[in-house]
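One file, run07.cif, carrying mmCIF, C-alpha atoms:
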```
data_structure
#
loop_
_atom_site.label_atom_id
_atom_site.label_comp_id
_atom_site.auth_asym_id
_atom_site.auth_seq_id
_atom_site.Cartn_x
_atom_site.Cartn_y
_atom_site.Cartn_z
CA MET A 1 0.00 0.00 0.00
CA LYS A 2 2.80 2.43 0.89
CA ARG A 3 4.47 1.67 -2.43
CA ALA A 4 1.24 2.41 -4.34
CA ILE A 5 0.89 5.76 -2.53
CA ALA A 6 4.52 6.62 -3.26
CA VAL A 7 4.09 5.81 -6.97
CA LEU A 8 0.88 7.82 -7.12
CA ALA A 9 2.63 10.78 -5.45
CA LEU A 10 5.48 10.61 -7.97
CA LEU A 11 2.97 10.67 -10.81
CA VAL A 12 0.71 13.41 -9.48
CA LEU A 13 2.99 15.84 -7.63
CA PRO A 14 4.99 17.04 -10.66
CA SER A 15 1.79 18.34 -12.22
CA PHE A 16 1.28 20.65 -9.24
CA ALA A 17 4.67 22.26 -9.78
CA PHE A 18 3.26 24.25 -12.71
CA ALA A 19 -0.24 24.79 -11.39
CA GLN A 20 0.28 28.56 -11.30
CA GLY A 21 0.84 28.60 -15.05
CA VAL A 22 3.47 30.16 -17.24
CA SER A 23 3.63 33.94 -16.83
CA VAL A 24 3.91 36.37 -19.73
CA GLU A 25 7.57 36.89 -18.87
CA ALA A 26 8.24 33.15 -18.79
CA PHE A 27 6.44 32.68 -22.11
CA GLU A 28 8.56 35.39 -23.69
CA LYS A 29 11.70 33.65 -22.38
CA ILE A 30 10.50 30.42 -23.97
CA LEU A 31 10.24 32.27 -27.29
CA THR A 32 13.52 34.19 -27.11
CA ASN A 33 15.81 31.86 -25.16
CA GLY A 34 14.37 28.41 -25.79
CA LEU A 35 13.10 28.76 -29.36
CA LYS A 36 15.37 31.63 -30.48
CA ILE A 37 12.42 33.58 -31.92
CA GLU A 38 12.12 37.35 -31.82
CA PHE A 39 8.65 38.86 -31.75
CA ASP A 40 6.53 41.97 -31.85
CA LYS A 41 3.68 42.05 -29.39
CA LYS A 42 0.50 43.98 -28.83
CA GLY A 43 -2.35 43.63 -26.42
CA ASP A 44 -3.02 43.62 -22.72
CA ALA A 45 -1.52 41.05 -20.33
CA GLU A 46 -4.81 41.05 -18.44
CA LYS A 47 -6.63 39.84 -21.56
CA VAL A 48 -4.84 38.58 -24.67
CA ILE A 49 -1.41 39.36 -26.07
CA GLU A 50 -0.73 38.80 -29.76
CA TYR A 51 2.83 37.87 -30.71
CA ASP A 52 3.97 38.20 -34.32
CA LEU A 53 6.79 35.66 -34.43
CA LYS A 54 9.49 37.26 -36.58
CA GLY A 55 11.09 35.18 -39.29
CA THR A 56 8.05 32.89 -39.37
CA PRO A 57 4.52 33.17 -40.77
CA TYR A 58 3.22 32.33 -37.28
CA TYR A 59 1.44 34.15 -34.49
CA ALA A 60 1.00 33.26 -30.85
CA TYR A 61 -1.85 34.40 -28.64
CA TYR A 62 -1.23 34.39 -24.90
CA ASN A 63 -4.54 34.28 -23.05
CA ALA A 64 -3.95 34.70 -19.32
CA GLY A 65 -7.66 34.61 -18.48
CA GLY A 66 -8.23 31.38 -20.36
CA LYS A 67 -4.83 30.03 -19.28
CA PHE A 68 -3.74 28.95 -22.75
CA VAL A 69 -1.51 29.84 -25.67
CA ASN A 70 -2.49 29.41 -29.32
CA PHE A 71 0.10 29.11 -32.06
CA LEU A 72 -1.42 29.73 -35.48
CA VAL A 73 -0.77 30.50 -39.11
CA ARG A 74 -3.18 32.11 -41.58
CA ASP A 75 -3.17 32.07 -45.36
CA LYS A 76 -5.62 33.06 -48.08
CA ALA A 77 -8.14 30.30 -48.63
CA ASN A 78 -7.88 30.59 -52.45
CA GLY A 79 -9.91 27.55 -53.38
CA VAL A 80 -9.31 25.56 -50.19
CA THR A 81 -12.52 23.68 -49.51
CA LEU A 82 -14.07 22.64 -46.25
CA GLN A 83 -13.71 19.05 -47.45
CA LYS A 84 -9.94 19.53 -47.82
CA VAL A 85 -9.71 21.06 -44.33
CA ASN A 86 -11.70 18.16 -42.92
CA GLU A 87 -9.38 15.67 -44.63
CA TRP A 88 -6.49 17.30 -42.77
CA ASN A 89 -8.30 17.33 -39.42
CA VAL A 90 -9.17 13.63 -39.58
CA ASN A 91 -5.48 12.71 -39.37
CA ALA A 92 -3.97 15.72 -37.58
CA LEU A 93 -2.79 15.06 -34.07
CA TRP A 94 -1.18 18.36 -33.00
CA SER A 95 -3.18 20.95 -34.91
CA ARG A 96 -6.59 21.83 -36.25
CA ALA A 97 -7.48 23.68 -39.44
CA TYR A 98 -10.52 25.77 -40.21
CA ILE A 99 -11.74 28.36 -42.67
CA LEU A 100 -12.41 31.83 -41.31
CA GLN A 101 -13.77 34.44 -43.70
CA GLN A 102 -11.36 34.38 -46.67
CA ALA A 103 -8.54 32.62 -44.81
CA VAL A 104 -7.54 29.11 -43.91
CA VAL A 105 -6.15 28.87 -40.37
CA LEU A 106 -4.06 26.17 -38.74
CA GLU A 107 -3.62 26.31 -34.97
CA THR A 108 -2.65 24.41 -31.88
CA THR A 109 -3.54 25.24 -28.29
CA ILE A 110 -1.60 24.45 -25.12
CA SER A 111 -2.42 25.07 -21.49
CA LEU A 112 -0.35 27.58 -19.56
CA ASP A 113 -0.21 24.95 -16.82
CA ALA A 114 2.21 22.98 -19.01
CA SER A 115 5.93 23.23 -18.34
CA PRO A 116 8.06 25.59 -20.45
CA SER A 117 9.71 22.63 -22.17
CA VAL A 118 6.31 21.19 -23.14
CA ILE A 119 5.22 24.57 -24.55
CA GLY A 120 8.43 24.67 -26.60
CA SER A 121 7.78 21.13 -27.80
CA TYR A 122 4.26 22.04 -28.89
CA TYR A 123 5.65 24.94 -30.90
CA ARG A 124 8.07 22.60 -32.69
CA LEU A 125 5.25 20.12 -33.39
CA PHE A 126 3.10 22.98 -34.68
CA ASP A 127 5.93 24.20 -36.93
CA ALA A 128 6.28 20.71 -38.43
CA ASP A 129 2.50 20.42 -38.89
CA ALA A 130 2.27 23.86 -40.53
CA LYS A 131 4.87 22.83 -43.11
CA LYS A 132 3.03 19.55 -43.77
CA PHE A 133 -0.27 21.43 -44.00
CA ALA A 134 1.11 23.85 -46.60
CA GLU A 135 2.37 20.88 -48.61
CA PHE A 136 -0.98 19.11 -48.16
CA LEU A 137 -2.72 22.16 -49.63
CA GLY A 138 -0.20 22.35 -52.48
CA LYS A 139 1.23 25.72 -51.40
#
```

Go ahead and express the file in the form of structure tokens.
Amino acid sequence: MKRAIAVLALLVLPSFAFAQGVSVEAFEKILTNGLKIEFDKKGDAEKVIEYDLKGTPYYAYYNAGGKFVNFLVRDKANGVTLQKVNEWNVNALWSRAYILQQAVVLETTISLDASPSVIGSYYRLFDADAKKFAEFLGK
């Protein structure tokens, strides 16, 4: 019984280490130090901050109230059909695509309760998916 409790504690306690979430400052360090990405930002830390990730076609949205970060890329829809988007979504694991007005959008969302290394990993997975998605669409 003691062993089961010890194993359970080892599995559960690490998740509490990040329960406060990643702050704006920590997120910016993930971008600049961990991912080596410069950015322009606008918005209010109390609501949503938009990051234009320089040298990439990507944006990040830091939502402190919702406790999540979205990484996304937009492109003109130019003939992309809902059926094509759905074909992508059926097999996509790390991202979701949708059509919004005249644009096709690919995004991934991660909780701010995740560790900085997990947030960095999600960005790298998103980057790989975005490249595959562009190829999938023939762009």

List the residues matched by the PyMOL selection byres ((chain A and resi 39) around 7) in the displayed structure as a PyMOL selection string, ordered by chain and then by residue number.
chain A and resi 37-38+40-41+51-54

Mind checking which residues fall within 8 Å of range 118-126 of chain A, counting all atoms listed in the file, ignoring those fewer than 4 positions away in the same chain, and posting them as an MDAnalysis selection string?
chainID A and resid 30:31 34:35 71 94:95 107:108 110 114 130

Restricting it to C-alpha atoms, dump the selection as a tab-separated table (two decimals), in the coordinates of the input.
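Just written: result_34.tsv:
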```tsv
chain	number	residue	atom	x	y	z
A	30	ILE	CA	10.50	30.42	-23.97
A	31	LEU	CA	10.24	32.27	-27.29
A	34	GLY	CA	14.37	28.41	-25.79
A	35	LEU	CA	13.10	28.76	-29.36
A	71	PHE	CA	0.10	29.11	-32.06
A	94	TRP	CA	-1.18	18.36	-33.00
A	95	SER	CA	-3.18	20.95	-34.91
A	107	GLU	CA	-3.62	26.31	-34.97
A	108	THR	CA	-2.65	24.41	-31.88
A	110	ILE	CA	-1.60	24.45	-25.12
A	114	ALA	CA	2.21	22.98	-19.01
A	130	ALA	CA	2.27	23.86	-40.53
```

Give as a PyMOL selection string the residues that the PyMOL selection byres ((chain A and resi 49) around 12) matches when applied to the coordinates above.
chain A and resi 23-25+27-28+39-48+50-52+59-66+68-71

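Of the residues under consideration (A:Gly79, A:Gly21, A:Gly138, A:Pro116), A:Gly79 shows the shortest atom-to-atom contact distance to Gln102 in chain A when counting only C-alpha atoms.
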
Go ahead and find all residues with at least one atom no further than 9 Å from (-10.3, 21.6, -46.5) in the file's coordinates, using all atoms listed in the file; report them as a short mmCIF file (atom, residue, chain, number, x, y, z; two decimals) with C-alpha atoms, in the coordinates of the input.
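Result file follows (out-v4.cif):
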```cif
data_model
loop_
_atom_site.label_atom_id
_atom_site.label_comp_id
_atom_site.auth_asym_id
_atom_site.auth_seq_id
_atom_site.Cartn_x
_atom_site.Cartn_y
_atom_site.Cartn_z
CA VAL A 80 -9.31 25.56 -50.19
CA THR A 81 -12.52 23.68 -49.51
CA LEU A 82 -14.07 22.64 -46.25
CA GLN A 83 -13.71 19.05 -47.45
CA LYS A 84 -9.94 19.53 -47.82
CA VAL A 85 -9.71 21.06 -44.33
CA ASN A 86 -11.70 18.16 -42.92
CA GLU A 87 -9.38 15.67 -44.63
CA TRP A 88 -6.49 17.30 -42.77
CA ASN A 89 -8.30 17.33 -39.42
CA ALA A 97 -7.48 23.68 -39.44
CA TYR A 98 -10.52 25.77 -40.21
CA ILE A 99 -11.74 28.36 -42.67
CA VAL A 104 -7.54 29.11 -43.91
CA LEU A 137 -2.72 22.16 -49.63
#
```

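Comparing the minimum interatomic distances between Ala128 in chain A and each of A:Val90, A:Leu106, A:Asn33, A:Lys76, counting all atoms listed in the file, we find that A:Leu106 sits nearest.
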